[in-house]
Amino acid sequence: MLDDNQTRAVLEIALMAAFADGLNDDRERAQLKQVADAIGAGAGVDFPAIYREVLLGKRDPVAPAAALGTSEARQLAYEMAVGVCDADGKRNDQESAFLEALARTLGIQGEQAGAIAAHADDIVTASEAAPAGGAVHPVPSAPSEAAPAGSARAAELDQTIVNHAITAAALELLPDSLANLAVIPVQLKLVHRIGQTYGYPMNTTNAKDFLAVLGVGLASQYVEGFARKLLGGVLGGLGGGLGRAAGRQAASSGLAFATTYAIGKVANEYYAGGRTLDQDRLKGTFTRMLEDAKQLAGNYTEQIQARAKTIDTKQLSSLVRGV
């Protein structure tokens, strides 16, 4: 179990990784601030204060790395940093340079660092594969031509949305830092499948753009899931495990379910209606759907826990390709 100083150190490195791309995106900063504020000063760690210090450039990886006294803690910090850098797609040069320097600082050997990065890359690349199954239908020219609510297609898509939400929530239960990274590809594949079902040409960029319009951050979502797991003491060999993680579902797993479910429902409404909703209406609909989905998550607790027990964390890329 990490103590407060070690937990703070890992979270500092997480936020440094989030800003390592050098893009200085205002939306990304705002999303990360929301995450920091939402998590707050819980478990003895003031996350908003850490965010402010990192944003102002007052910290570098050397200081927090010194607080990580075990090889397990240092590996966890490095895995987390790789996940943050990969959350919004393949790493750019700045992120790669940051990770190389971080590996040296943490004493992560080249072969070990390469294996961690390769595992994360496989998960990200898997999101680019076409969704498994799902027929492509003609593009509706007007909302009235969308599938009726009681149709077989609508029922199938509703179940697809629930299944993806259960998988995302199950991933949040796992005591593996890169399991969080797979949540994002699951969400992207869901949007991809829904758009494709209604006959729209889809790729990963389309799906990412859709999530961005909704205000769902990729790096910030990964940081939030990881931070909640870390503060709950449920990561890997550092005192956590599936049983303990399941008890904290409302904080992390339930949020993953709700976010994924709301993404799917809004995507279905958008593509079924001929993509006529504007950005403001999309965001407003997502906000309402998210609140409803948070209440719904508890109904699927047993299914989420059962799904978590079937996931092999060494095969996360295969899981993503199969959704």
# chains A, B, ... in the order shown; residues from 1 in each chain; ligands from 1
$ select_by_dssp --residues "stretch 60-132 of chain A" --states "helix (DSSP H, G or I)" --output "PyMOL selection string"
chain A and resi 62-66+71-86+93-106+110-126
$ closest_atom_pairs --of "stretch 27-104 of chain A" --to "stretch 187-199 of chain A" --cutoff "12 Å" --atoms "only C-alpha atoms" --output "tab-separated table"
residue	atom	partner	partner_atom	distance
A:Ala87	CA	A:Leu188	CA	11.5
A:Asp88	CA	A:Leu188	CA	10.8
A:Gly89	CA	A:Leu188	CA	11.4
$ write_last_selection --atoms "C-alpha atoms" --output "PDB file, in the first residue's frame"
ATOM      1  CA  ALA A  87      -4.779   7.803 -23.746  1.00  0.00           C
ATOM      2  CA  ASP A  88      -5.462  10.226 -26.589  1.00  0.00           C
ATOM      3  CA  GLY A  89      -3.588   8.252 -29.246  1.00  0.00           C
TER       4      GLY A  89
END
$ residues_around --residues "A:Gln94" --least-positions-apart "3" --cutoff "12 Å" --atoms "only C-alpha atoms" --output "VMD selection string"
chain A and resid 16 to 23 85 90 to 91 97 to 101
$ write_last_selection --atoms "N, CA and C atoms" --output "PDB file, in the first residue's frame"
ATOM      1  N   MET A  16       2.154  15.423 -14.871  1.00  0.00           N
ATOM      2  CA  MET A  16       3.264  15.811 -15.751  1.00  0.00           C
ATOM      3  C   MET A  16       3.143  15.109 -17.097  1.00  0.00           C
ATOM      4  N   ALA A  17       2.779  13.832 -17.056  1.00  0.00           N
ATOM      5  CA  ALA A  17       2.607  13.084 -18.295  1.00  0.00           C
ATOM      6  C   ALA A  17       1.478  13.668 -19.132  1.00  0.00           C
ATOM      7  N   ALA A  18       0.422  14.128 -18.473  1.00  0.00           N
ATOM      8  CA  ALA A  18      -0.714  14.690 -19.197  1.00  0.00           C
ATOM      9  C   ALA A  18      -0.342  15.963 -19.941  1.00  0.00           C
ATOM     10  N   PHE A  19       0.626  16.700 -19.429  1.00  0.00           N
ATOM     11  CA  PHE A  19       1.050  17.935 -20.081  1.00  0.00           C
ATOM     12  C   PHE A  19       2.304  17.758 -20.932  1.00  0.00           C
ATOM     13  N   ALA A  20       2.777  16.531 -21.053  1.00  0.00           N
ATOM     14  CA  ALA A  20       4.050  16.285 -21.733  1.00  0.00           C
ATOM     15  C   ALA A  20       3.969  16.423 -23.243  1.00  0.00           C
ATOM     16  N   ASP A  21       2.749  16.440 -23.806  1.00  0.00           N
ATOM     17  CA  ASP A  21       2.638  16.508 -25.267  1.00  0.00           C
ATOM     18  C   ASP A  21       3.004  17.865 -25.826  1.00  0.00           C
ATOM     19  N   GLY A  22       3.107  18.875 -24.955  1.00  0.00           N
ATOM     20  CA  GLY A  22       3.530  20.198 -25.407  1.00  0.00           C
ATOM     21  C   GLY A  22       2.481  20.969 -26.173  1.00  0.00           C
ATOM     22  N   LEU A  23       1.243  20.481 -26.191  1.00  0.00           N
ATOM     23  CA  LEU A  23       0.206  21.127 -27.000  1.00  0.00           C
ATOM     24  C   LEU A  23      -0.487  22.257 -26.254  1.00  0.00           C
ATOM     25  N   CYS A  85       0.020   9.184 -21.517  1.00  0.00           N
ATOM     26  CA  CYS A  85       0.521   9.654 -22.810  1.00  0.00           C
ATOM     27  C   CYS A  85      -0.171   8.962 -23.980  1.00  0.00           C
ATOM     28  N   LYS A  90      -1.503   7.636 -30.203  1.00  0.00           N
ATOM     29  CA  LYS A  90      -0.091   7.287 -30.169  1.00  0.00           C
ATOM     30  C   LYS A  90       0.750   8.481 -29.728  1.00  0.00           C
ATOM     31  N   ARG A  91       1.821   8.168 -29.005  1.00  0.00           N
ATOM     32  CA  ARG A  91       2.657   9.214 -28.420  1.00  0.00           C
ATOM     33  C   ARG A  91       3.344  10.069 -29.480  1.00  0.00           C
ATOM     34  N   ALA A  97       9.946  11.589 -25.430  1.00  0.00           N
ATOM     35  CA  ALA A  97      11.120  12.107 -24.726  1.00  0.00           C
ATOM     36  C   ALA A  97      10.870  12.169 -23.224  1.00  0.00           C
ATOM     37  N   PHE A  98       9.663  12.575 -22.841  1.00  0.00           N
ATOM     38  CA  PHE A  98       9.313  12.627 -21.418  1.00  0.00           C
ATOM     39  C   PHE A  98       9.403  11.237 -20.790  1.00  0.00           C
ATOM     40  N   LEU A  99       8.864  10.238 -21.487  1.00  0.00           N
ATOM     41  CA  LEU A  99       8.858   8.881 -20.942  1.00  0.00           C
ATOM     42  C   LEU A  99      10.269   8.300 -20.861  1.00  0.00           C
ATOM     43  N   GLU A 100      11.100   8.609 -21.828  1.00  0.00           N
ATOM     44  CA  GLU A 100      12.483   8.130 -21.775  1.00  0.00           C
ATOM     45  C   GLU A 100      13.209   8.718 -20.563  1.00  0.00           C
ATOM     46  N   ALA A 101      13.021  10.017 -20.358  1.00  0.00           N
ATOM     47  CA  ALA A 101      13.658  10.663 -19.205  1.00  0.00           C
ATOM     48  C   ALA A 101      13.087  10.127 -17.896  1.00  0.00           C
TER      49      ALA A 101
END
$ atom_distance --atom1 "atom CA of A:Leu290" --atom2 "atom CA of A:Lys229"
20.7 Å
$ closest_residue --among "A:Val186, A:Val62, A:Leu231, A:Leu102" --to "A:Val45" --atoms "only C-alpha atoms"
A:Leu231
$ residues_around --residues "stretch 67-81 of chain A" --least-positions-apart "3" --cutoff "10 Å" --atoms "only C-alpha atoms" --output "NGL selection string"
:A and (1-3 or 5-18 or 20 or 62-64 or 84-87 or 95 or 98-99 or 102-103 or 105-108 or 112-113 or 116-117 or 119-120 or 176-178 or 180-181 or 222-223 or 226-227 or 230 or 235-238)
$ atom_distance --atom1 "atom CA of A:Phe286" --atom2 "atom CA of A:Leu214"
6.5 Å
